[in-house]
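A.B. asks: Following this line is model-v4.tsv, made up of TSV, C-alpha atoms:
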```tsv
chain	number	residue	atom	x	y	z
Y	1	MET	CA	-73.30	-38.36	19.89
Y	2	LYS	CA	-71.59	-40.23	22.68
Y	3	HIS	CA	-69.60	-38.35	25.30
Y	4	LYS	CA	-65.85	-38.28	25.22
Y	5	LEU	CA	-64.37	-40.79	27.64
Y	6	THR	CA	-62.55	-39.33	30.63
Y	7	LYS	CA	-58.99	-40.47	31.29
Y	8	TYR	CA	-60.19	-42.80	34.09
Y	9	GLU	CA	-62.87	-44.33	31.87
Y	10	LEU	CA	-60.33	-44.69	29.09
Y	11	LEU	CA	-57.78	-46.28	31.43
Y	12	GLY	CA	-60.33	-48.75	32.83
Y	13	SER	CA	-61.69	-49.57	29.38
Y	14	LEU	CA	-58.33	-50.06	27.70
Y	15	ALA	CA	-56.56	-51.95	30.48
Y	16	PHE	CA	-57.55	-55.41	29.25
Y	17	PRO	CA	-57.01	-54.88	25.49
Y	18	VAL	CA	-53.64	-53.20	26.02
Y	19	GLY	CA	-52.60	-55.87	28.54
Y	20	ILE	CA	-53.56	-58.57	26.06
Y	21	MET	CA	-51.60	-56.89	23.29
Y	22	VAL	CA	-48.51	-56.57	25.49
Y	23	TRP	CA	-48.73	-60.19	26.70
Y	24	THR	CA	-49.28	-61.71	23.23
Y	25	ALA	CA	-46.49	-59.61	21.71
Y	26	TYR	CA	-44.16	-60.67	24.53
Y	27	LYS	CA	-45.03	-64.36	24.08
Y	28	TYR	CA	-44.56	-64.18	20.31
Y	29	ILE	CA	-41.26	-62.30	20.51
Y	30	SER	CA	-39.87	-64.45	23.33
Y	31	GLY	CA	-40.82	-67.58	21.37
Y	32	SER	CA	-39.13	-66.13	18.30
Y	33	ILE	CA	-35.96	-65.45	20.25
Y	34	GLU	CA	-35.97	-69.00	21.62
Y	35	LEU	CA	-36.42	-70.42	18.11
Y	36	GLY	CA	-33.88	-68.05	16.58
Y	37	ASP	CA	-36.03	-66.06	14.16
Y	38	LEU	CA	-39.42	-64.41	13.70
Y	39	ALA	CA	-40.89	-67.01	11.33
Y	40	LEU	CA	-44.03	-68.94	12.20
Y	41	HIS	CA	-42.88	-72.44	13.09
Y	42	PHE	CA	-45.97	-73.78	14.79
Y	43	THR	CA	-49.69	-73.12	14.62
Y	44	HIS	CA	-49.50	-72.26	18.31
Y	45	ARG	CA	-47.28	-69.29	17.48
Y	46	LEU	CA	-49.97	-68.09	15.07
Y	47	SER	CA	-52.41	-68.07	17.98
Y	48	PHE	CA	-50.53	-65.15	19.51
Y	49	ILE	CA	-51.06	-63.11	16.34
Y	50	ILE	CA	-54.75	-64.06	16.19
Y	51	ALA	CA	-55.23	-63.20	19.87
Y	52	PHE	CA	-53.32	-59.93	19.44
Y	53	VAL	CA	-55.67	-58.80	16.68
Y	54	LEU	CA	-58.97	-60.32	17.81
Y	55	CYS	CA	-58.68	-59.78	21.55
Y	56	GLY	CA	-56.42	-56.74	21.65
Y	57	VAL	CA	-56.72	-54.53	18.58
Y	58	VAL	CA	-60.44	-55.02	17.88
Y	59	PRO	CA	-61.62	-54.13	21.45
Y	60	LEU	CA	-59.14	-51.24	21.51
Y	61	LEU	CA	-60.52	-49.84	18.26
Y	62	LEU	CA	-64.13	-50.39	19.35
Y	63	THR	CA	-63.42	-48.56	22.58
Y	64	LEU	CA	-61.71	-45.63	20.89
Y	65	ILE	CA	-63.91	-45.27	17.79
Y	66	MET	CA	-67.31	-46.09	19.28
Y	67	ARG	CA	-66.38	-44.70	22.73
Y	68	VAL	CA	-67.46	-47.86	24.52
Y	69	ASP	CA	-67.02	-47.43	28.26
Y	70	THR	CA	-66.28	-50.69	30.09
Y	71	SER	CA	-64.46	-49.13	33.04
Y	72	GLU	CA	-67.32	-49.96	35.43
Y	73	GLN	CA	-66.88	-53.64	34.61
Y	74	PHE	CA	-63.11	-53.63	35.25
Y	75	LEU	CA	-63.21	-55.19	38.73
Y	76	PRO	CA	-65.72	-57.96	37.89
Y	77	ARG	CA	-63.68	-58.82	34.79
Y	78	LEU	CA	-60.48	-58.89	36.82
Y	79	LEU	CA	-62.11	-61.08	39.47
Y	80	ILE	CA	-63.40	-63.57	36.88
Y	81	PHE	CA	-59.95	-63.66	35.24
Y	82	LEU	CA	-58.11	-64.22	38.54
Y	83	CYS	CA	-60.57	-66.87	39.73
Y	84	THR	CA	-60.27	-68.77	36.46
Y	85	PHE	CA	-56.49	-68.87	36.55
Y	86	ALA	CA	-56.52	-69.74	40.24
Y	87	ALA	CA	-58.85	-72.66	39.48
Y	88	ILE	CA	-56.59	-73.81	36.63
Y	89	ASN	CA	-53.47	-73.63	38.78
Y	90	ILE	CA	-55.13	-75.43	41.70
Y	91	ALA	CA	-56.45	-78.13	39.36
Y	92	GLU	CA	-52.96	-78.57	37.89
Y	93	GLU	CA	-51.67	-79.38	41.37
Y	94	PHE	CA	-54.18	-82.17	41.95
Y	95	LEU	CA	-54.85	-83.60	38.49
Y	96	SER	CA	-52.53	-85.53	36.23
Y	97	PHE	CA	-51.06	-84.02	33.09
Y	98	LYS	CA	-53.45	-86.01	30.90
Y	99	ALA	CA	-56.49	-84.87	32.87
Y	100	MET	CA	-55.36	-81.25	32.72
Y	101	MET	CA	-54.99	-81.40	28.95
Y	102	VAL	CA	-58.78	-81.65	28.81
Y	103	GLY	CA	-59.54	-79.96	32.13
Y	104	GLU	CA	-57.86	-76.69	31.21
Y	105	GLY	CA	-60.04	-76.30	28.13
Y	106	ILE	CA	-63.17	-77.13	30.11
Y	107	LEU	CA	-62.32	-74.59	32.83
Y	108	LEU	CA	-61.66	-71.91	30.22
Y	109	LEU	CA	-64.95	-72.65	28.46
Y	110	ILE	CA	-66.82	-72.48	31.77
Y	111	SER	CA	-65.19	-69.13	32.48
Y	112	LEU	CA	-66.12	-67.76	29.06
Y	113	VAL	CA	-69.73	-68.85	29.40
Y	114	PHE	CA	-69.93	-67.53	32.97
Y	115	SER	CA	-68.43	-64.19	31.95
Y	116	GLY	CA	-70.77	-63.87	28.98
Y	117	LEU	CA	-73.82	-64.68	31.06
Y	118	PHE	CA	-72.72	-62.52	33.98
Y	119	PHE	CA	-72.50	-59.40	31.81
Y	120	HIS	CA	-75.74	-60.29	30.03
Y	121	ILE	CA	-77.96	-61.33	32.95
Y	122	ALA	CA	-76.49	-60.48	36.38
Y	123	LYS	CA	-74.91	-57.15	35.48
Y	124	PRO	CA	-76.37	-56.31	32.04
Y	125	VAL	CA	-74.46	-54.02	29.71
Y	126	LYS	CA	-75.11	-52.69	26.20
Y	127	LEU	CA	-74.35	-55.00	23.30
Y	128	SER	CA	-71.34	-52.93	22.23
Y	129	ALA	CA	-69.88	-53.10	25.75
Y	130	TRP	CA	-70.62	-56.83	25.94
Y	131	ILE	CA	-68.75	-57.43	22.69
Y	132	VAL	CA	-65.75	-55.44	23.94
Y	133	ILE	CA	-65.83	-57.31	27.26
Y	134	PHE	CA	-66.08	-60.70	25.57
Y	135	LEU	CA	-63.35	-60.05	23.00
Y	136	GLY	CA	-61.07	-58.37	25.54
Y	137	ASN	CA	-61.23	-61.35	27.87
Y	138	PRO	CA	-57.86	-62.86	28.86
Y	139	CYS	CA	-59.59	-66.24	29.21
Y	140	LEU	CA	-60.53	-66.04	25.51
Y	141	VAL	CA	-56.89	-65.34	24.67
Y	142	HIS	CA	-55.79	-68.32	26.74
Y	143	PHE	CA	-58.49	-70.49	25.14
Y	144	ILE	CA	-57.37	-69.53	21.62
Y	145	CYS	CA	-53.77	-70.37	22.54
Y	146	TYR	CA	-54.90	-73.61	24.23
Y	147	VAL	CA	-56.82	-74.80	21.15
Y	148	MET	CA	-53.94	-74.03	18.81
Y	149	LYS	CA	-51.44	-75.69	21.17
Y	150	MET	CA	-53.59	-78.84	21.26
Y	151	ARG	CA	-53.75	-78.79	17.46
Y	152	ASP	CA	-49.95	-78.62	17.29
Y	153	LEU	CA	-49.72	-81.45	19.81
Y	154	GLU	CA	-52.11	-83.58	17.75
Y	155	ASP	CA	-50.08	-82.95	14.58
Y	156	LEU	CA	-46.85	-83.81	16.40
Y	157	ILE	CA	-48.32	-87.07	17.73
Y	158	GLN	CA	-49.55	-88.04	14.27
Y	159	HIS	CA	-46.15	-87.22	12.81
Y	160	LEU	CA	-44.36	-89.32	15.42
Y	161	ASN	CA	-46.68	-92.26	14.85
Y	162	ILE	CA	-46.00	-92.12	11.12
Y	163	THR	CA	-42.22	-91.91	11.49
Y	164	LEU	CA	-42.00	-94.59	14.20
Y	165	TYR	CA	-43.41	-97.36	11.99
```
Can the structure from this file be put into structure tokens for me?

C.D. replies:
Amino acid sequence: MKHKLTKYELLGSLAFPVGIMVWTAYKYISGSIELGDLALHFTHRLSFIIAFVLCGVVPLLLTLIMRVDTSEQFLPRLLIFLCTFAAINIAEEFLSFKAMMVGEGILLLISLVFSGLFFHIAKPVKLSAWIVIFLGNPCLVHFICYVMKMRDLEDLIQHLNITLY
């Protein structure tokens, strides 16, 4: 039987899933307030619910039920997350809007692959911890939201082309 997680291990292990749950709930609720109700208006709004469950609830439950300790990987995960968003923000300053529509997805994919390989090869962890780390990755949340936002944008462009003719 696995040992009970200490409060520091629990805090370090749950920081990312709880942070993801808070952020996705905030984005969904603030979007609902802006639109005037809680209904799903766009596929992009659905991405917050998907990210909440997949990247927040699932890692939280795995951590609590299976007692998966990922507290030792907190700082590397935080560093990867901060470097990714720094790279995205720096690229946004120098690239055009069109280039960043593709570039943001590429940078997020690179970050996800790097993170996955880092915790598999450079700093290996158990499979259960790797799954929790991968699912509880803020870059995965952002990538899910990015893909759904691009899908909404594609639908909007198709709709505008149809109605303009």

A.B. asks: As JSON, please: the centre and edge lengths in Å, to one decimal, of an axis-aligned box enclosing every listed atom of region 48-58 of chain Y with 6 Å added on each side.

C.D. replies:
```
{"center_x": -55.5, "center_y": -59.8, "center_z": 18.9, "size_x": 21.9, "size_y": 22.6, "size_z": 17.5}
```

A.B. asks: Name all residues at most 9 Å from region 71-79 of chain Y (count only C-alpha atoms; drop same-chain ones fewer than 3 positions away) and give them as a list in words.

C.D. replies: Tyr8, Glu9, Leu10, Leu11, Gly12, Ser13, Leu14, Ala15, Phe16, Leu82, Cys83, Thr84, Ser115, Phe119, Lys123, Ile133 and Asn137 of chain Y

A.B. asks: How far is it from CA of Ile121 (chain Y) to CA of Val68 (chain Y), in Å with one decimal?

C.D. replies: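 For CA of Ile121 (chain Y) relative to CA of Val68 (chain Y), the distance reads 19.0 Å.
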
A.B. asks: With distances taken over all atoms listed in the file, which of Y:Tyr28, Y:Asp69, Y:Tyr146, Y:Ser111 is nearest to Lys7 (chain Y)?

C.D. replies: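 Comparing Y:Tyr28, Y:Asp69, Y:Tyr146, Y:Ser111 against Lys7 (chain Y), the winner is Y:Asp69.
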
A.B. asks: For the atom pair CA of His120 (chain Y) and CA of Asn89 (chain Y), what is the interatomic distance in Å to one decimal place?

C.D. replies: 27.4 Å

A.B. asks: Got a sec: who's within 12 Å of Ser47 (chain Y), counting all atoms listed in the file, leaving out chain neighbours fewer than 6 positions off, as a list in words?

C.D. replies: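 Everything that qualifies: Thr24, Ala25, Lys27, Tyr28, Leu40, His41, Val53, Leu54, Cys55, Leu140, Val141, His142, Phe143, Ile144, Cys145, Tyr146, Val147, Met148, Lys149, Met150, Arg151 and Asp152 of chain Y.
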
A.B. asks: Using all atoms listed in the file, can you list as a PyMOL selection string the residues within 12 Å of (-56.4, -77.0, 31.7)?

C.D. replies: chain Y and resi 84-111+139+142-143+145-147+149-150

A.B. asks: For CA of Leu5 (chain Y) and CA of Phe48 (chain Y), determine how far apart the two atoms are, in Å to one decimal place.

C.D. replies: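 About the pair CA of Leu5 (chain Y) and CA of Phe48 (chain Y): they are 29.2 Å apart.
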
A.B. asks: Using all atoms listed in the file for the distances, tell me which of Y:Leu160, Y:Leu60, Y:Glu154, Y:Met66 is nearest to Thr43 (chain Y).

C.D. replies: Y:Glu154

A.B. asks: Quick one: of Y:Val57, Y:Ile50, Y:Ile157, Y:Val125, who's nearest to Gly19 (chain Y), counting all atoms listed in the file?

C.D. replies: Y:Val57

A.B. asks: Out of Y:Pro138, Y:Asp155, Y:Thr6, Y:Phe81, which residue has the shortest atom-to-atom distance to Val22 (chain Y) when counting all atoms listed in the file?

C.D. replies: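 Of Y:Pro138, Y:Asp155, Y:Thr6, Y:Phe81, the one nearest Val22 (chain Y), counting all atoms listed in the file, is Y:Pro138.
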
A.B. asks: For each of Y:Thr63, Y:Leu135, Y:Gly56, Y:Leu153, take the minimum atom-to-atom distance to Val18 (chain Y), counting all atoms listed in the file, then give the residue where this is smallest.

C.D. replies: Y:Gly56

A.B. asks: Return the single residue from Y:Ser30, Y:Leu46, Y:Leu62, Y:Phe52 that is closest to Ile131 (chain Y), with distances computed using only C-alpha atoms.

C.D. replies: Y:Leu62
